[in-house]
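Have a look at work08.cif; it's mmCIF, C-alpha atoms:
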data_data
loop_
_atom_site.label_atom_id
_atom_site.label_comp_id
_atom_site.auth_asym_id
_atom_site.auth_seq_id
_atom_site.Cartn_x
_atom_site.Cartn_y
_atom_site.Cartn_z
CA MET A 1 0.00 0.00 0.00
CA PRO A 2 1.54 3.35 -1.00
CA ILE A 3 2.50 5.77 1.77
CA ALA A 4 0.56 9.05 1.74
CA ARG A 5 2.78 12.10 1.19
CA PHE A 6 1.76 15.44 2.71
CA SER A 7 2.85 18.89 1.62
CA PRO A 8 4.68 21.13 4.13
CA PHE A 9 1.49 23.15 4.75
CA GLU A 10 -0.60 20.00 5.25
CA LEU A 11 1.91 18.76 7.83
CA LEU A 12 1.76 22.18 9.49
CA LEU A 13 -2.05 21.96 9.66
CA LEU A 14 -1.83 18.49 11.21
CA LYS A 15 0.48 19.79 13.96
CA SER A 16 -1.46 23.03 14.53
CA ARG A 17 -3.63 23.62 17.60
CA SER A 18 -5.96 25.74 15.45
CA GLN A 19 -6.08 25.03 11.73
CA VAL A 20 -8.08 28.23 11.09
CA ASP A 21 -5.39 30.35 12.78
CA THR A 22 -2.63 28.56 10.82
CA ALA A 23 -4.55 29.08 7.55
CA THR A 24 -5.09 32.78 8.36
CA LEU A 25 -1.40 33.08 9.28
CA LEU A 26 -0.35 31.79 5.84
CA LEU A 27 -2.71 34.18 3.99
CA LEU A 28 -1.36 37.20 5.89
CA ALA A 29 2.24 36.02 5.43
CA TRP A 30 1.61 35.80 1.69
CA VAL A 31 0.56 39.44 1.67
CA LEU A 32 3.54 40.52 3.81
CA VAL A 33 6.18 38.89 1.59
CA HIS A 34 4.95 41.14 -1.26
CA ARG A 35 5.39 44.36 0.71
CA GLN A 36 8.00 46.59 -0.94
CA HIS A 37 11.00 48.09 0.88
CA VAL A 38 10.45 45.88 3.94
CA SER A 39 13.09 43.55 5.42
CA GLU A 40 12.42 39.95 6.36
CA GLY A 41 12.76 40.78 10.06
CA GLN A 42 10.18 43.55 9.77
CA ARG A 43 7.80 41.18 8.00
CA ARG A 44 8.09 38.59 10.78
CA ARG A 45 7.65 41.19 13.54
CA ARG A 46 4.57 42.62 11.82
CA LEU A 47 3.10 39.12 11.33
CA ALA A 48 3.73 38.28 15.00
CA GLN A 49 2.08 41.55 16.05
CA VAL A 50 -1.04 40.96 13.95
CA THR A 51 -1.43 37.32 15.03
CA ALA A 52 -0.49 37.71 18.69
CA GLN A 53 -3.87 36.32 19.77
CA PHE A 54 -3.71 33.26 17.48
CA ARG A 55 -3.61 29.76 19.04
CA HIS A 56 -1.72 27.89 16.30
CA GLY A 57 1.12 26.83 18.60
CA HIS A 58 4.02 26.70 16.07
CA GLU A 59 6.84 28.93 14.82
CA LEU A 60 6.36 31.57 12.12
CA GLY A 61 9.41 30.42 10.13
CA PRO A 62 7.74 27.49 8.33
CA VAL A 63 4.78 29.68 7.39
CA MET A 64 7.06 32.39 5.97
CA SER A 65 8.97 29.75 3.97
CA ILE A 66 5.72 28.47 2.41
CA ALA A 67 4.65 32.06 1.63
CA HIS A 68 8.00 32.79 -0.05
CA SER A 69 7.71 29.60 -2.13
CA GLN A 70 4.52 30.96 -3.76
CA ASP A 71 2.73 27.62 -3.18
CA LEU A 72 -0.71 28.43 -4.64
CA GLN A 73 -2.11 25.04 -3.64
CA ALA A 74 -1.27 25.83 -0.02
CA ILE A 75 -2.89 29.30 -0.40
CA GLN A 76 -6.06 27.78 -1.84
CA LEU A 77 -6.17 25.15 0.93
CA ALA A 78 -5.77 27.86 3.59
CA ALA A 79 -8.63 29.91 2.10
CA GLU A 80 -10.80 26.78 1.93
CA VAL A 81 -10.13 26.04 5.63
CA VAL A 82 -11.09 29.59 6.62
CA ARG A 83 -14.22 29.60 4.45
CA LYS A 84 -15.55 26.21 5.58
CA GLU A 85 -14.67 26.46 9.25
CA CYS A 86 -15.71 30.06 9.98
CA GLY A 87 -18.03 31.27 7.26
CA ALA A 88 -18.42 34.76 5.79
CA GLU A 89 -17.70 36.68 8.96
CA ARG A 90 -14.25 35.21 9.46
CA SER A 91 -13.57 35.65 5.73
CA LEU A 92 -14.25 39.39 6.03
CA SER A 93 -12.04 39.53 9.13
CA VAL A 94 -9.16 37.84 7.29
CA LEU A 95 -9.59 40.19 4.32
CA HIS A 96 -9.65 43.15 6.77
CA GLN A 97 -6.32 42.05 8.28
CA ALA A 98 -4.85 41.45 4.79
CA ILE A 99 -5.73 45.02 3.68
CA THR A 100 -4.22 46.36 6.90
CA VAL A 101 -0.82 44.62 6.55
CA ALA A 102 -0.76 45.41 2.80
CA THR A 103 -1.21 49.18 3.34
CA ASP A 104 0.79 49.85 6.54
CA ASP A 105 3.11 52.27 4.73
CA GLY A 106 0.24 53.91 2.86
CA GLU A 107 1.24 52.33 -0.48
CA LEU A 108 -0.28 49.21 -2.02
CA SER A 109 2.18 47.23 -4.12
CA LEU A 110 1.08 46.00 -7.52
CA ALA A 111 1.50 42.39 -6.41
CA ASN A 112 -0.67 42.90 -3.32
CA HIS A 113 -3.26 44.69 -5.46
CA TYR A 114 -3.76 41.43 -7.36
CA ILE A 115 -3.35 39.30 -4.20
CA LEU A 116 -6.20 41.13 -2.41
CA ARG A 117 -8.52 40.58 -5.35
CA PHE A 118 -7.45 36.92 -5.50
CA LEU A 119 -8.02 36.43 -1.77
CA ALA A 120 -11.46 38.03 -2.02
CA ASP A 121 -12.35 35.58 -4.74
CA LEU A 122 -11.02 32.60 -2.71
CA LEU A 123 -12.95 33.72 0.41
CA ASN A 124 -16.21 34.31 -1.53
CA VAL A 125 -16.14 38.08 -0.93
CA ALA A 126 -17.78 40.12 -3.69
CA PRO A 127 -15.65 42.72 -5.50
CA MET A 128 -18.00 45.52 -4.39
CA THR A 129 -17.62 44.44 -0.74
CA LEU A 130 -13.86 44.42 -1.18
CA ASN A 131 -13.91 47.95 -2.61
CA THR A 132 -16.11 49.18 0.25
CA LEU A 133 -13.90 47.55 2.90
CA PHE A 134 -10.73 48.92 1.31
CA LYS A 135 -12.15 52.48 1.17
CA GLU A 136 -13.24 52.30 4.85
CA LEU A 137 -9.75 51.20 5.95
CA THR A 138 -7.59 53.40 3.68
CA GLY A 139 -9.88 56.32 2.80
CA THR A 140 -9.30 55.76 -0.93
CA PRO A 141 -11.12 53.51 -3.35
CA LEU A 142 -9.47 50.38 -4.68
CA ALA A 143 -8.69 51.41 -8.23
CA SER A 144 -8.08 49.00 -11.06
CA PRO A 145 -4.52 47.63 -10.92
CA GLU A 146 -2.02 48.95 -13.37
CA ASP A 147 -0.90 46.67 -16.16
CA PRO A 148 2.89 46.10 -15.99
CA SER A 149 2.83 44.76 -19.52
CA ARG A 150 2.11 48.26 -20.87
CA ASP A 151 4.73 50.92 -21.52
CA ALA A 152 2.65 53.50 -19.64
CA TYR A 153 3.17 51.63 -16.36
CA TRP A 154 6.96 51.61 -16.66
CA GLN A 155 7.08 55.21 -17.87
CA THR A 156 5.39 56.18 -14.61
CA HIS A 157 7.28 53.92 -12.25
CA ASP A 158 10.66 53.87 -13.96
CA PRO A 159 11.99 57.24 -15.31
CA ASP A 160 14.95 55.45 -16.86
CA TYR A 161 12.64 53.15 -18.78
CA HIS A 162 13.18 54.61 -22.27
CA ALA A 163 16.94 54.94 -21.82
CA ARG A 164 17.16 51.36 -20.55
CA LYS A 165 14.97 50.13 -23.38
CA ALA A 166 17.20 51.97 -25.86
CA ARG A 167 20.30 50.43 -24.30
CA GLU A 168 18.67 47.01 -24.36
CA ALA A 169 17.69 47.52 -28.00
CA GLU A 170 21.23 48.62 -28.86
CA ALA A 171 22.67 45.65 -26.99
CA ALA A 172 20.25 43.33 -28.76
CA GLU A 173 21.16 44.91 -32.10
CA ARG A 174 24.87 44.49 -31.35
CA GLN A 175 24.33 40.89 -30.35
CA TYR A 176 22.31 40.32 -33.51
CA GLN A 177 25.00 41.93 -35.66
CA GLN A 178 27.71 39.94 -33.90
CA ALA A 179 25.70 36.77 -34.40
CA GLN A 180 25.22 37.69 -38.06
CA ALA A 181 28.95 38.41 -38.41
CA ARG A 182 29.80 35.08 -36.79
CA ALA A 183 27.31 33.31 -39.01
CA GLU A 184 28.72 35.03 -42.12
CA GLN A 185 32.27 34.21 -41.02
CA GLN A 186 31.32 30.58 -40.45
CA GLN A 187 29.59 30.54 -43.83
CA ARG A 188 32.70 32.00 -45.50
CA LYS A 189 34.88 29.44 -43.76
CA LYS A 190 32.50 26.72 -44.84
CA GLU A 191 32.57 27.99 -48.44
CA GLN A 192 36.37 28.23 -48.33
CA ARG A 193 36.62 24.67 -47.05
CA HIS A 194 34.19 23.58 -49.76
CA GLN A 195 36.22 25.40 -52.43
CA GLN A 196 39.46 23.94 -51.11
CA LYS A 197 37.91 20.50 -51.15
CA GLN A 198 36.68 21.01 -54.72
CA GLN A 199 40.10 22.35 -55.75
CA LYS A 200 41.81 19.31 -54.24
CA GLN A 201 39.36 17.02 -56.01
CA GLN A 202 40.00 18.85 -59.30
CA GLU A 203 43.77 18.60 -58.79
CA LYS A 204 43.42 14.92 -57.98
CA GLN A 205 41.30 14.39 -61.09
CA GLN A 206 43.85 16.32 -63.17
CA ARG A 207 46.68 14.18 -61.82
CA GLN A 208 44.69 11.04 -62.53
CA GLU A 209 43.90 12.30 -66.04
CA GLN A 210 47.56 13.15 -66.65
CA ALA A 211 48.61 9.74 -65.37
CA ARG A 212 46.02 8.09 -67.62
CA GLN A 213 47.18 10.10 -70.63
CA SER A 214 50.80 9.23 -69.82
CA ARG A 215 49.91 5.53 -69.66
CA GLU A 216 47.99 5.77 -72.93
CA GLN A 217 50.89 7.59 -74.58
CA GLU A 218 53.35 4.99 -73.30
CA GLN A 219 51.10 2.18 -74.50
CA GLN A 220 50.71 3.93 -77.86
CA ARG A 221 54.48 4.37 -78.11
CA GLN A 222 55.02 0.69 -77.29
CA ARG A 223 52.43 -0.32 -79.90
CA GLU A 224 54.08 1.93 -82.48
CA GLN A 225 57.48 0.51 -81.61
CA ALA A 226 56.16 -3.04 -81.82
CA ARG A 227 54.48 -2.24 -85.16
CA HIS A 228 57.71 -0.74 -86.52
CA GLN A 229 59.66 -3.78 -85.35
CA GLU A 230 57.13 -6.11 -86.95
CA GLN A 231 57.26 -4.10 -90.18
CA GLU A 232 61.06 -4.20 -90.12
CA ARG A 233 61.02 -7.95 -89.47
CA GLN A 234 58.56 -8.49 -92.32
CA ARG A 235 60.66 -6.30 -94.61
CA GLN A 236 63.79 -8.24 -93.77
CA GLN A 237 61.92 -11.52 -94.23
CA GLN A 238 60.66 -10.32 -97.60
CA GLN A 239 64.19 -9.30 -98.58
CA ARG A 240 65.56 -12.71 -97.61
CA GLU A 241 62.76 -14.46 -99.46
CA GLN A 242 63.33 -12.21 -102.49
CA ALA A 243 67.07 -12.95 -102.39
CA GLU A 244 66.38 -16.68 -102.11
CA ARG A 245 63.94 -16.50 -105.06
CA GLU A 246 66.48 -14.60 -107.11
CA GLN A 247 69.13 -17.13 -106.16
CA ARG A 248 66.83 -20.03 -107.09
CA ARG A 249 65.94 -18.36 -110.37
CA SER A 250 69.63 -17.86 -111.10
CA ARG A 251 70.46 -21.50 -110.33
CA ASP A 252 67.47 -22.72 -112.30
CA HIS A 253 68.50 -20.59 -115.24
CA SER A 254 72.10 -21.84 -115.06
CA TYR A 255 70.89 -25.42 -114.78
CA GLN A 256 68.59 -25.00 -117.76
CA GLN A 257 71.43 -23.49 -119.78
CA ARG A 258 73.76 -26.35 -118.88
CA SER A 259 71.09 -28.92 -119.67
CA SER A 260 70.39 -27.25 -123.00
CA GLN A 261 74.07 -27.09 -123.85
CA GLN A 262 74.60 -30.73 -122.86
CA GLY A 263 71.66 -31.82 -124.97
CA HIS A 264 72.88 -29.81 -127.88
CA ARG A 265 76.38 -31.26 -127.60
CA HIS A 266 74.96 -34.76 -127.26
CA HIS A 267 72.91 -34.22 -130.40
CA GLN A 268 75.81 -32.82 -132.38
CA GLN A 269 78.52 -35.20 -131.24
CA ARG A 270 77.35 -38.67 -132.09
CA THR A 271 80.77 -40.04 -131.53
CA SER A 272 81.07 -38.74 -127.85
CA PRO A 273 81.96 -41.32 -125.17
CA PRO A 274 79.15 -43.27 -123.54
CA PRO A 275 77.30 -41.63 -120.61
CA PRO A 276 78.51 -42.36 -117.12
CA ASP A 277 76.91 -45.13 -115.05
CA ARG A 278 73.88 -44.59 -112.76
CA THR A 279 75.93 -44.17 -109.57
CA THR A 280 77.97 -41.38 -111.10
CA ARG A 281 74.78 -39.66 -112.31
CA ALA A 282 73.19 -39.96 -108.88
CA LEU A 283 76.26 -38.45 -107.22
CA SER A 284 76.23 -35.64 -109.81
CA VAL A 285 72.56 -34.87 -108.98
CA LEU A 286 73.58 -34.38 -105.35
CA GLY A 287 76.58 -32.27 -106.39
CA LEU A 288 79.13 -34.98 -105.42
CA THR A 289 81.99 -36.63 -107.23
CA PRO A 290 82.62 -40.35 -107.47
CA GLY A 291 84.15 -41.75 -104.29
CA ALA A 292 81.96 -39.71 -101.92
CA THR A 293 81.17 -41.37 -98.58
CA ARG A 294 77.75 -42.35 -97.25
CA ILE A 295 77.86 -39.49 -94.74
CA GLU A 296 78.65 -36.97 -97.48
CA VAL A 297 75.72 -38.35 -99.50
CA ARG A 298 73.35 -37.86 -96.53
CA HIS A 299 74.57 -34.30 -95.90
CA ALA A 300 74.34 -33.41 -99.55
CA TYR A 301 70.78 -34.75 -99.74
CA ARG A 302 69.63 -32.72 -96.75
CA ARG A 303 71.16 -29.57 -98.18
CA MET A 304 69.70 -30.08 -101.66
CA ALA A 305 66.28 -31.09 -100.25
CA GLN A 306 66.03 -27.90 -98.17
CA LEU A 307 67.14 -25.80 -101.11
CA HIS A 308 64.83 -27.31 -103.77
CA HIS A 309 61.76 -28.34 -101.73
CA PRO A 310 58.54 -27.34 -103.62
CA ASP A 311 57.08 -25.60 -100.53
CA ARG A 312 59.63 -22.87 -100.89
CA PHE A 313 58.13 -21.91 -104.28
CA TYR A 314 54.51 -21.50 -103.17
CA SER A 315 54.52 -17.86 -104.24
CA GLU A 316 55.96 -18.57 -107.72
CA SER A 317 54.12 -19.52 -110.83
CA GLU A 318 52.74 -22.98 -111.43
CA HIS A 319 55.54 -23.65 -113.90
CA GLN A 320 58.18 -22.83 -111.34
CA VAL A 321 56.44 -25.03 -108.75
CA ALA A 322 56.32 -27.89 -111.25
CA LEU A 323 60.01 -27.52 -112.04
CA ALA A 324 60.84 -27.48 -108.33
CA SER A 325 58.81 -30.63 -107.79
CA ALA A 326 60.63 -32.38 -110.61
CA ARG A 327 64.04 -31.35 -109.24
CA PHE A 328 63.13 -32.49 -105.75
CA GLN A 329 61.95 -35.86 -107.12
CA ARG A 330 65.25 -36.37 -109.02
CA ILE A 331 67.21 -35.52 -105.84
CA LYS A 332 65.14 -37.97 -103.77
CA ASN A 333 65.48 -40.73 -106.39
CA ALA A 334 69.24 -40.24 -106.54
CA TYR A 335 69.50 -40.33 -102.74
CA ASP A 336 67.36 -43.46 -102.48
CA TYR A 337 69.44 -45.23 -105.12
CA LEU A 338 72.77 -44.30 -103.48
CA MET A 339 71.59 -45.38 -100.04
CA GLN A 340 70.67 -48.79 -101.50
CA THR A 341 73.96 -49.29 -103.32
CA TYR A 342 76.32 -47.78 -100.74
#
Please express the file's structure as structure tokens.
Amino acid sequence: MPIARFSPFELLLLKSRSQVDTATLLLLAWVLVHRQHVSEGQRRRRLAQVTAQFRHGHELGPVMSIAHSQDLQAIQLAAEVVRKECGAERSLSVLHQAITVATDDGELSLANHYILRFLADLLNVAPMTLNTLFKELTGTPLASPEDPSRDAYWQTHDPDYHARKAREAEAAERQYQQAQARAEQQQRKKEQRHQQKQQKQQEKQQRQEQARQSREQEQQRQREQARHQEQERQRQQQQREQAEREQRRSRDHSYQQRSSQQGHRHHQQRTSPPPPDRTTRALSVLGLTPGATRIEVRHAYRRMAQLHHPDRFYSESEHQVALASARFQRIKNAYDYLMQTY
């Protein structure tokens, strides 16, 4: 079961010998704490003087503390205790004492002006009754309270009002300008940082672009160099092939001339000696003389086969290819014959 918690004023009422006196004491203390130009000691002495006949039986300090704390719930509870326990007569008596302590120095503070009206409402006292009671006690009617939210109030009660307002406006303007200057400075710094960041990004992109262009140029140079080397290799290969074709043409032409001359001499000289035997002719085909060894025959065949192979004449005319095939066949037949007889 939760423990009930009491407010300081409720605890004070529980300890009081007279709850009505304690409630009245708080209402009067609330008025006294809003007296202007009065010390705390004077307030307590005045409260003790007014309530000398009260039978509450406790110190005034706790009551003054509650009044200073502006505890409106405690104020409303005190007014309710007075109204229920004593009725209209005691309510008027409390309001009479409140007007008295509020106007001891002949001046009613603005806060107490509103407090008296509020107390009258809490104690069920009509505004007209309050005005009548106030006029009987002070000799002046209770006028409408001034509105501190209007300039007219402060012009009356504070001669330095306009000068202070001007100073406050100037200070506010300076603060605003300083804030604007700081904001503009921060904005400029932010823009400078943004520009520096963009500049760094642009420089980085430029370096990357330069590096990319350098790589592309290097790759292009390497491709050009490789293409030139390939063209040079092809040119040299073509030159070698051209030289070999010229050499083959020259040998073929010499061979044809020798064959033609031999045939012509054979036709004209019927009485020439008989042709050499087949072994001698085979050796002659391989470019060897009689008495050559088997190893010399093999070497000669390889050399002649590489030189007169038909595949080397693929780019020549069909006639040249046919002649090369015939030569290669004669060389192979001569080699086969010699390898069988040697």
Go through the shown structure with the PyMOL selection byres ((chain A and resi 67) around 12) and write out the matching residues as a PyMOL selection string. chain A and resi 8-9+23-34+43-44+60-66+68-75+78
Around (-10.7, 35.4, -1.1) in the file's frame, which residues reach within 10 Å when counting only C-alpha atoms? Return as a CSV table (one decimal) with C-alpha atoms, in the frame of the given file?
chain,number,residue,atom,x,y,z
A,27,LEU,CA,-2.7,34.2,4.0
A,75,ILE,CA,-2.9,29.3,-0.4
A,76,GLN,CA,-6.1,27.8,-1.8
A,79,ALA,CA,-8.6,29.9,2.1
A,80,GLU,CA,-10.8,26.8,1.9
A,82,VAL,CA,-11.1,29.6,6.6
A,83,ARG,CA,-14.2,29.6,4.4
A,91,SER,CA,-13.6,35.6,5.7
A,92,LEU,CA,-14.2,39.4,6.0
A,94,VAL,CA,-9.2,37.8,7.3
A,95,LEU,CA,-9.6,40.2,4.3
A,115,ILE,CA,-3.4,39.3,-4.2
A,116,LEU,CA,-6.2,41.1,-2.4
A,117,ARG,CA,-8.5,40.6,-5.4
A,118,PHE,CA,-7.4,36.9,-5.5
A,119,LEU,CA,-8.0,36.4,-1.8
A,120,ALA,CA,-11.5,38.0,-2.0
A,121,ASP,CA,-12.4,35.6,-4.7
A,122,LEU,CA,-11.0,32.6,-2.7
A,123,LEU,CA,-13.0,33.7,0.4
A,124,ASN,CA,-16.2,34.3,-1.5
A,125,VAL,CA,-16.1,38.1,-0.9
A,126,ALA,CA,-17.8,40.1,-3.7
A,127,PRO,CA,-15.6,42.7,-5.5
A,130,LEU,CA,-13.9,44.4,-1.2
Distance query 7 Å from (56.5, -25.2, -105.0) using only C-alpha atoms, result as an MDAnalysis selection string: chainID A and resid 309:314 320:322 324:325
If you measure from CA of Ala179 in chain A to CA of Gln196 in chain A, what distance in Å do you get, rounded to one decimal?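 Between CA of Ala179 in chain A and CA of Gln196 in chain A the gap is 25.2 Å.
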From the set A:Thr129, A:Arg298, A:Ser16, A:Phe54, which residue has the shortest atom-to-atom contact distance to Ala88 in chain A, counting all atoms listed in the file?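 Answer, going by the shortest atom-to-atom distance: A:Thr129.
Between CA of Thr279 in chain A and CA of Ile331 in chain A the interatomic distance comes to 12.8 Å.
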Could you pull the residues within 8 Å of Ala102 in chain A, counting only C-alpha atoms, minus those fewer than 3 positions along the same chain, as a PyMOL selection string? chain A and resi 31-32+35+98-99+107-109+112
For the selection you just gave me, I'd like the residues written to a file as a compact mmCIF listing (two decimals), in the coordinates of the input, keeping C-alpha atoms.
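To be explicit, this is the file written out as again.txt:
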# COMPACT_ATOMS: atom_id res chain seq x y z
CA VAL A 31 0.56 39.44 1.67
CA LEU A 32 3.54 40.52 3.81
CA ARG A 35 5.39 44.36 0.71
CA ALA A 98 -4.85 41.45 4.79
CA ILE A 99 -5.73 45.02 3.68
CA GLU A 107 1.24 52.33 -0.48
CA LEU A 108 -0.28 49.21 -2.02
CA SER A 109 2.18 47.23 -4.12
CA ASN A 112 -0.67 42.90 -3.32
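Take the candidates A:Ser315, A:Gln187, A:Ser284, A:Gln208 and check each one against Gln238 in chain A using all atoms listed in the file; the shortest distance goes to A:Ser315.
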